[in-house]
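Colleague: Pasting entry_20.csv below, which is CSV, C-alpha atoms.
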```csv
chain,number,residue,atom,x,y,z
G,1316,ARG,CA,68.9,117.6,-52.8
G,1317,ASP,CA,70.5,120.9,-53.6
G,1318,CYS,CA,67.6,121.8,-55.9
G,1319,LEU,CA,65.1,120.8,-53.2
G,1320,GLU,CA,66.8,123.1,-50.7
G,1321,LYS,CA,66.8,126.0,-53.2
G,1322,ARG,CA,63.2,125.5,-54.0
G,1323,GLU,CA,62.3,125.6,-50.3
G,1324,LEU,CA,64.4,128.8,-49.9
G,1325,VAL,CA,62.5,130.4,-52.7
G,1326,GLU,CA,59.1,129.4,-51.2
G,1327,ARG,CA,60.2,130.9,-47.8
G,1328,LEU,CA,61.2,134.2,-49.4
G,1329,GLN,CA,58.0,134.4,-51.3
G,1330,ASP,CA,56.0,133.7,-48.1
G,1331,ALA,CA,58.0,136.4,-46.3
G,1332,LEU,CA,57.2,138.9,-49.1
G,1333,ARG,CA,53.5,138.1,-48.7
G,1334,GLY,CA,53.8,139.1,-45.0
G,1335,GLY,CA,54.1,135.6,-43.6
G,1336,ASP,CA,56.7,134.4,-41.1
G,1337,GLY,CA,58.8,132.8,-43.9
G,1338,LEU,CA,58.6,129.3,-42.3
G,1339,SER,CA,55.1,127.9,-42.7
G,1340,GLY,CA,55.2,127.5,-46.5
G,1341,GLY,CA,58.6,125.8,-46.5
G,1342,ALA,CA,57.6,123.6,-43.6
G,1343,ALA,CA,54.4,122.5,-45.3
G,1344,SER,CA,56.4,121.9,-48.5
G,1345,ALA,CA,59.0,119.8,-46.7
G,1346,MET,CA,56.2,117.7,-45.0
G,1347,GLY,CA,54.6,117.1,-48.4
G,1348,GLN,CA,57.8,115.5,-49.7
G,1349,LEU,CA,57.9,112.9,-47.0
G,1350,ASP,CA,56.3,109.5,-47.3
G,1351,ALA,CA,53.6,108.3,-44.8
G,1352,GLY,CA,56.1,106.7,-42.5
G,1353,GLU,CA,58.4,109.7,-42.2
G,1354,ARG,CA,55.4,112.1,-41.7
G,1355,SER,CA,54.2,109.8,-38.9
G,1356,VAL,CA,57.6,110.1,-37.1
G,1357,VAL,CA,57.8,113.8,-37.6
G,1358,GLU,CA,54.3,114.4,-36.3
G,1359,LEU,CA,55.1,112.1,-33.3
G,1360,PHE,CA,58.1,114.2,-32.4
G,1361,GLN,CA,56.3,117.5,-32.8
G,1362,ARG,CA,53.5,116.2,-30.6
G,1363,VAL,CA,55.5,114.7,-27.8
G,1364,ALA,CA,58.6,116.9,-27.6
G,1365,PRO,CA,56.8,119.6,-25.6
G,1366,SER,CA,56.2,117.0,-22.9
G,1367,VAL,CA,59.9,116.2,-22.5
G,1368,ALA,CA,61.9,118.0,-19.9
G,1369,PHE,CA,65.6,118.6,-19.8
G,1370,ILE,CA,67.1,118.5,-16.3
G,1371,GLN,CA,70.3,120.1,-15.2
G,1372,THR,CA,71.6,119.3,-11.7
G,1373,SER,CA,74.1,121.2,-9.6
G,1374,VAL,CA,75.8,121.1,-6.2
G,1375,VAL,CA,77.0,123.9,-4.0
G,1376,LYS,CA,80.7,123.9,-3.1
G,1377,SER,CA,82.2,126.1,-0.5
G,1378,THR,CA,84.8,128.5,-1.9
G,1379,SER,CA,86.7,128.7,1.3
G,1380,PRO,CA,86.4,127.4,4.9
G,1381,LEU,CA,85.5,130.8,6.2
G,1382,SER,CA,83.0,131.7,3.4
G,1383,MET,CA,79.3,131.7,4.0
G,1384,ARG,CA,78.5,131.5,0.3
G,1385,GLY,CA,79.0,128.5,-1.9
G,1386,GLU,CA,79.7,128.2,-5.6
G,1387,VAL,CA,77.0,126.5,-7.6
G,1388,THR,CA,78.7,123.9,-9.9
G,1389,PRO,CA,76.9,121.9,-12.6
G,1390,SER,CA,77.0,118.2,-11.7
G,1391,GLY,CA,75.1,116.4,-14.4
G,1392,SER,CA,72.1,116.4,-16.7
G,1393,GLY,CA,69.3,114.1,-17.7
G,1394,SER,CA,65.8,114.0,-19.1
G,1395,GLY,CA,62.3,113.6,-17.8
G,1396,PHE,CA,58.7,114.1,-18.9
G,1397,VAL,CA,55.6,116.0,-17.7
G,1398,TRP,CA,53.2,113.8,-15.9
G,1399,ASP,CA,50.3,116.2,-15.2
G,1400,THR,CA,49.2,119.8,-15.2
G,1401,GLU,CA,50.2,120.2,-11.6
G,1402,GLY,CA,53.9,120.4,-12.6
G,1403,HIS,CA,55.0,116.9,-11.7
G,1404,VAL,CA,58.0,115.7,-13.8
G,1405,VAL,CA,59.1,112.1,-13.8
G,1406,THR,CA,62.8,111.2,-14.2
G,1407,ASN,CA,65.4,108.6,-13.0
G,1408,TYR,CA,66.4,108.7,-9.4
G,1409,HIS,CA,70.1,108.5,-10.4
G,1410,VAL,CA,69.7,111.7,-12.3
G,1411,ILE,CA,69.1,113.7,-9.1
G,1412,GLN,CA,70.6,111.4,-6.6
G,1413,GLN,CA,73.7,113.5,-5.8
G,1414,ALA,CA,72.2,116.9,-6.7
G,1415,GLN,CA,71.5,119.7,-4.4
G,1416,LYS,CA,69.6,121.7,-7.0
G,1417,ALA,CA,67.8,120.8,-10.2
G,1418,THR,CA,66.6,123.0,-13.0
G,1419,VAL,CA,64.1,122.0,-15.6
G,1420,THR,CA,64.0,123.5,-19.1
G,1421,GLY,CA,62.5,122.6,-22.5
G,1422,ILE,CA,58.9,122.0,-21.5
G,1423,GLY,CA,56.2,123.6,-23.6
G,1424,LEU,CA,58.1,124.0,-26.8
G,1425,GLY,CA,60.1,120.9,-27.0
G,1426,ASP,CA,63.5,122.6,-26.9
G,1427,GLY,CA,65.9,124.2,-24.4
G,1428,SER,CA,64.8,127.8,-25.2
G,1429,MET,CA,62.1,127.9,-22.6
G,1430,ASN,CA,62.4,129.6,-19.2
G,1431,ALA,CA,64.2,127.5,-16.6
G,1432,TYR,CA,62.1,126.3,-13.7
G,1433,GLU,CA,63.7,125.3,-10.3
G,1434,ALA,CA,62.5,121.8,-9.4
G,1435,THR,CA,61.7,120.3,-6.0
G,1436,LEU,CA,62.1,116.6,-5.2
G,1437,VAL,CA,58.7,115.4,-4.0
G,1438,GLY,CA,59.1,111.6,-4.2
G,1439,ALA,CA,61.4,108.8,-5.1
G,1440,GLU,CA,61.7,105.1,-5.4
G,1441,PRO,CA,65.4,104.3,-5.6
G,1442,GLU,CA,64.9,100.6,-6.0
G,1443,LYS,CA,63.0,101.3,-9.3
G,1444,ASP,CA,65.3,104.2,-10.2
G,1445,ILE,CA,62.3,106.6,-10.3
G,1446,ALA,CA,62.0,110.1,-8.9
G,1447,VAL,CA,59.3,112.8,-9.1
G,1448,LEU,CA,60.1,116.5,-9.3
G,1449,LYS,CA,57.7,119.4,-9.2
G,1450,VAL,CA,58.1,122.7,-10.9
G,1451,ARG,CA,56.1,125.9,-10.6
G,1452,ALA,CA,55.3,126.4,-14.3
G,1453,PRO,CA,52.2,127.9,-15.9
G,1454,LYS,CA,49.6,125.3,-16.8
G,1455,SER,CA,49.7,126.7,-20.3
G,1456,VAL,CA,53.2,125.2,-20.9
G,1457,LEU,CA,52.6,121.9,-19.1
G,1458,ARG,CA,51.8,119.2,-21.7
G,1459,PRO,CA,51.3,115.8,-19.9
G,1460,ILE,CA,52.6,112.9,-21.8
G,1461,THR,CA,50.1,110.2,-23.0
G,1462,VAL,CA,50.6,107.0,-21.2
G,1463,GLY,CA,50.5,103.6,-22.9
G,1464,SER,CA,51.2,100.1,-21.6
G,1465,SER,CA,54.5,98.3,-21.4
G,1466,SER,CA,52.8,94.9,-20.8
G,1467,GLU,CA,51.5,94.9,-24.3
G,1468,LEU,CA,54.9,95.4,-26.0
G,1469,LEU,CA,55.9,92.9,-28.7
G,1470,VAL,CA,59.5,92.2,-29.7
G,1471,GLY,CA,60.1,93.8,-33.1
G,1472,GLN,CA,57.7,96.8,-32.8
G,1473,SER,CA,59.0,100.3,-33.3
G,1474,VAL,CA,59.9,102.5,-30.3
G,1475,PHE,CA,61.2,106.0,-30.0
G,1476,ALA,CA,63.3,107.9,-27.4
G,1477,ILE,CA,63.3,111.6,-26.9
G,1478,GLY,CA,65.9,113.1,-24.5
G,1479,ASN,CA,69.0,115.1,-23.8
G,1480,PRO,CA,72.0,112.9,-24.7
G,1481,PHE,CA,75.3,114.7,-24.1
G,1482,GLY,CA,73.4,117.9,-23.4
G,1483,LEU,CA,71.9,118.0,-26.9
G,1484,ASP,CA,68.3,119.1,-26.4
G,1485,SER,CA,65.3,117.4,-28.1
G,1486,THR,CA,67.1,114.5,-29.6
G,1487,LEU,CA,65.0,111.8,-31.2
G,1488,THR,CA,66.2,108.2,-31.8
G,1489,GLN,CA,64.3,105.3,-33.3
G,1490,GLY,CA,64.6,101.5,-32.8
G,1491,ILE,CA,62.7,98.4,-32.0
G,1492,VAL,CA,61.8,96.4,-28.9
G,1493,SER,CA,64.7,94.0,-28.8
G,1494,ALA,CA,63.4,92.0,-25.8
G,1495,VAL,CA,61.1,92.3,-22.8
G,1496,GLY,CA,61.4,90.9,-19.3
G,1497,ARG,CA,65.0,91.9,-18.9
G,1498,GLU,CA,66.7,92.5,-15.5
G,1499,VAL,CA,69.1,95.3,-14.8
G,1500,GLN,CA,71.0,96.3,-11.7
G,1501,GLY,CA,69.4,99.3,-10.1
G,1502,VAL,CA,71.0,102.3,-8.5
G,1503,ALA,CA,70.0,101.1,-5.1
G,1504,GLY,CA,71.9,97.8,-5.6
G,1505,ARG,CA,68.9,95.6,-6.2
G,1506,PRO,CA,67.8,94.3,-9.6
G,1507,ILE,CA,65.0,96.0,-11.5
G,1508,LYS,CA,62.9,93.3,-13.2
G,1509,GLY,CA,60.6,93.4,-16.2
G,1510,CYS,CA,62.7,95.9,-18.2
G,1511,VAL,CA,62.4,96.6,-21.9
G,1512,GLN,CA,65.5,96.2,-24.1
G,1513,THR,CA,65.7,98.4,-27.2
G,1514,ASP,CA,68.3,99.1,-29.8
G,1515,ALA,CA,67.2,102.8,-30.0
G,1516,SER,CA,70.3,104.9,-29.2
G,1517,ILE,CA,70.3,105.7,-25.5
G,1518,ASN,CA,73.3,107.8,-24.3
G,1519,PRO,CA,74.3,109.8,-21.1
G,1520,GLY,CA,71.7,112.5,-20.7
G,1521,ASN,CA,68.8,110.3,-22.0
G,1522,SER,CA,68.3,108.9,-18.5
G,1523,GLY,CA,64.8,109.6,-17.3
G,1524,GLY,CA,63.4,110.4,-20.7
G,1525,PRO,CA,60.5,108.6,-22.2
G,1526,LEU,CA,60.4,105.5,-24.4
G,1527,LEU,CA,57.5,105.8,-26.8
G,1528,ASP,CA,55.5,103.5,-29.0
G,1529,ALA,CA,54.6,104.3,-32.6
G,1530,LYS,CA,51.6,106.3,-31.4
G,1531,GLY,CA,53.7,108.5,-29.1
G,1532,ARG,CA,52.5,106.9,-25.9
G,1533,LEU,CA,54.8,106.3,-22.9
G,1534,VAL,CA,55.8,102.7,-22.5
G,1535,GLY,CA,59.0,103.0,-20.5
G,1536,VAL,CA,61.6,105.2,-18.8
G,1537,ASN,CA,65.1,105.1,-20.3
G,1538,THR,CA,67.4,104.0,-17.5
G,1539,ALA,CA,70.5,102.2,-18.4
G,1540,ILE,CA,73.0,101.3,-21.2
G,1541,TYR,CA,74.4,97.8,-21.4
G,1542,SER,CA,78.0,97.8,-22.4
G,1543,PRO,CA,80.8,95.3,-21.8
G,1544,SER,CA,83.0,98.1,-20.7
```
For the file at hand, write its structure as C-alpha cells.
Modeller:
Amino acid sequence: RDCLEKRELVERLQDALRGGDGLSGGAASAMGQLDAGERSVVELFQRVAPSVAFIQTSVVKSTSPLSMRGEVTPSGSGSGFVWDTEGHVVTNYHVIQQAQKATVTGIGLGDGSMNAYEATLVGAEPEKDIAVLKVRAPKSVLRPITVGSSSELLVGQSVFAIGNPFGLDSTLTQGIVSAVGREVQGVAGRPIKGCVQTDASINPGNSGGPLLDAKGRLVGVNTAIYSPS
C-alpha cells in the first residue's frame, strides 16, 4: 500500500510539472487499480453526490425580554436531495419540524464547500415524514436526482445511502435491502407503511437523504433508525 501511495504521488508531481492540476493523472491511476465492482460504486457516488443536499436548521432565541433582536442558534442538521431544476429539495419533515430557518449547502459539487442557500418550506406531509424546501440556486448547480421504483426492490439487492451523518458531509454507506413492507412510527404519530429496511449505516444527519439502487436511482428516503434503546 505504501508503494502504491508513493507511485501515485510521483504521478501527481509529474503531472504538475507538465502544467496539469496535479490531480487528474493520480485519480485516473487510482481508478485503474480498482476492480469493476469498486469502480461502479465510485462512479455512482461521483454521479449522485452533487444531487444530495445538506440541511442545517436553526432557531431564533431572544437574548433578553427587552431585546428586539434574537440570537440565531443551530438546532439540527439533516440531508435531502434535489428534485428538479426549479430548486425544490426533498427531505424529512422531522428535519425541519422545529426549525425557524433552514440553510442548504453541498448541492452542485457533492460536498459542503458550495455556497449556502436559504431554504423556504413550500410543502409538507407530516404523516409520511416528507417535506419540500425551495432554494434560489442557479440552475447550473441544480442536479435533479434520477428516480427509480421502490415497488420493484428485492430482498438482497444492493443499496447505497449518501447523507450527512453527524455533520460529516458527503458520506456514502452501502448495504442490502433487508426487507420490504415494513411499518415504522411516523413523526405525526401514525404508522408509515410500506417502508424499506436496509442494513446500510443510517445515522443522525442521514435523515431525508436518498436511498439508491445500484444504478444510482432514488428508491427511498432515509427516515428512521430502529434500535432497542
Colleague: Name the closest residue to Thr1420 of chain G among the candidates G:Val1450, G:Leu1436, G:Ala1539, G:Ala1351; distances are taken between atoms, counting only C-alpha atoms.
Modeller: G:Val1450
Colleague: So the first atom is atom CA of Ser1394 of chain G and the second is atom CA of Tyr1432 of chain G; what is the distance between them in Å, to one decimal place?
Modeller: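 These two atoms are separated by 13.9 Å.
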Colleague: Quick one: pull the distance between atom CA of Val1363 of chain G and atom CA of Phe1396 of chain G, Å, one decimal.
Modeller: 9.5 Å
Colleague: Once you count all atoms listed in the file, what closest atom pair and distance in Å to one decimal does each residue of segment 1489-1543 of chain G within 12 Å of segment 1461-1482 of chain G have, with rows by chain and rising residue number, as JSON lines?
Modeller:
```
{"residue": "G:Gln1489", "atom": "CA", "partner": "G:Phe1475", "partner_atom": "CA", "distance": 4.6}
{"residue": "G:Gly1490", "atom": "CA", "partner": "G:Val1474", "partner_atom": "CA", "distance": 5.4}
{"residue": "G:Ile1491", "atom": "CA", "partner": "G:Ser1473", "partner_atom": "CA", "distance": 4.4}
{"residue": "G:Val1492", "atom": "CA", "partner": "G:Val1470", "partner_atom": "CA", "distance": 4.9}
{"residue": "G:Ser1493", "atom": "CA", "partner": "G:Val1470", "partner_atom": "CA", "distance": 5.6}
{"residue": "G:Ala1494", "atom": "CA", "partner": "G:Val1470", "partner_atom": "CA", "distance": 5.5}
{"residue": "G:Val1495", "atom": "CA", "partner": "G:Val1470", "partner_atom": "CA", "distance": 7.1}
{"residue": "G:Gly1496", "atom": "CA", "partner": "G:Ser1466", "partner_atom": "CA", "distance": 9.6}
{"residue": "G:Gly1509", "atom": "CA", "partner": "G:Ser1466", "partner_atom": "CA", "distance": 9.2}
{"residue": "G:Cys1510", "atom": "CA", "partner": "G:Ser1465", "partner_atom": "CA", "distance": 9.1}
{"residue": "G:Val1511", "atom": "CA", "partner": "G:Ser1465", "partner_atom": "CA", "distance": 8.1}
{"residue": "G:Gln1512", "atom": "CA", "partner": "G:Val1470", "partner_atom": "CA", "distance": 9.1}
{"residue": "G:Thr1513", "atom": "CA", "partner": "G:Val1474", "partner_atom": "CA", "distance": 7.7}
{"residue": "G:Asp1514", "atom": "CA", "partner": "G:Val1474", "partner_atom": "CA", "distance": 9.1}
{"residue": "G:Ala1515", "atom": "CA", "partner": "G:Phe1475", "partner_atom": "CA", "distance": 6.8}
{"residue": "G:Ser1516", "atom": "CA", "partner": "G:Ala1476", "partner_atom": "CA", "distance": 7.8}
{"residue": "G:Ile1517", "atom": "CA", "partner": "G:Pro1480", "partner_atom": "CA", "distance": 7.4}
{"residue": "G:Asn1518", "atom": "CA", "partner": "G:Pro1480", "partner_atom": "CA", "distance": 5.3}
{"residue": "G:Pro1519", "atom": "CA", "partner": "G:Pro1480", "partner_atom": "CA", "distance": 5.3}
{"residue": "G:Gly1520", "atom": "CA", "partner": "G:Pro1480", "partner_atom": "CA", "distance": 4.0}
{"residue": "G:Asn1521", "atom": "CA", "partner": "G:Gly1478", "partner_atom": "CA", "distance": 4.7}
{"residue": "G:Ser1522", "atom": "CA", "partner": "G:Gly1478", "partner_atom": "CA", "distance": 7.7}
{"residue": "G:Gly1523", "atom": "CA", "partner": "G:Gly1478", "partner_atom": "CA", "distance": 8.1}
{"residue": "G:Gly1524", "atom": "CA", "partner": "G:Gly1478", "partner_atom": "CA", "distance": 5.3}
{"residue": "G:Pro1525", "atom": "CA", "partner": "G:Ala1476", "partner_atom": "CA", "distance": 5.9}
{"residue": "G:Leu1526", "atom": "CA", "partner": "G:Ala1476", "partner_atom": "CA", "distance": 4.8}
{"residue": "G:Leu1527", "atom": "CA", "partner": "G:Phe1475", "partner_atom": "CA", "distance": 4.9}
{"residue": "G:Asp1528", "atom": "CA", "partner": "G:Val1474", "partner_atom": "CA", "distance": 4.7}
{"residue": "G:Ala1529", "atom": "CA", "partner": "G:Ser1473", "partner_atom": "CA", "distance": 6.0}
{"residue": "G:Lys1530", "atom": "CA", "partner": "G:Gly1463", "partner_atom": "CA", "distance": 9.0}
{"residue": "G:Gly1531", "atom": "CA", "partner": "G:Thr1461", "partner_atom": "CA", "distance": 7.3}
{"residue": "G:Arg1532", "atom": "CA", "partner": "G:Gly1463", "partner_atom": "CA", "distance": 4.9}
{"residue": "G:Leu1533", "atom": "CA", "partner": "G:Val1462", "partner_atom": "CA", "distance": 4.6}
{"residue": "G:Val1534", "atom": "CA", "partner": "G:Ser1465", "partner_atom": "CA", "distance": 4.7}
{"residue": "G:Gly1535", "atom": "CA", "partner": "G:Ser1465", "partner_atom": "CA", "distance": 6.6}
{"residue": "G:Val1536", "atom": "CA", "partner": "G:Ala1476", "partner_atom": "CA", "distance": 9.2}
{"residue": "G:Asn1537", "atom": "CA", "partner": "G:Ala1476", "partner_atom": "CA", "distance": 7.8}
{"residue": "G:Thr1538", "atom": "CA", "partner": "G:Ala1476", "partner_atom": "CA", "distance": 11.4}
```
Colleague: At what distance in Å, to one decimal, does atom CA of Glu1498 of chain G lie from atom CA of His1409 of chain G?
Modeller: 17.1 Å
Colleague: Please provide as a list in words all residues within 7 Å of Leu1448 of chain G, with the sequence filter that same-chain residues fewer than 4 positions apart are discarded (counting only C-alpha atoms).
Modeller: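 In the requested form, the answer reads His1403, Val1404, Val1405, Ala1434, Thr1435, Leu1436 and Val1437 of chain G.
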Colleague: Can you pull out every residue within 12 Å of Pro1506 of chain G, counting all atoms listed in the file, but drop anything in the same chain fewer than 2 positions away, and send it as a ChimeraX atom specification?
Modeller: /G:1441-1444,1497-1504,1508-1510
Colleague: Which of these residues is nearest to Pro1453 of chain G, using all atoms listed in the file: G:Glu1440, G:Leu1483, G:Gln1415, G:Ile1422?
Modeller: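 Nearest candidate to Pro1453 of chain G out of G:Glu1440, G:Leu1483, G:Gln1415, G:Ile1422: G:Ile1422.
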Colleague: Calculated over all atoms listed in the file, which of the candidates G:Ala1439, G:Val1356, G:Val1419, G:Leu1349 has the smallest distance to Ala1368 of chain G?
Modeller: G:Val1419
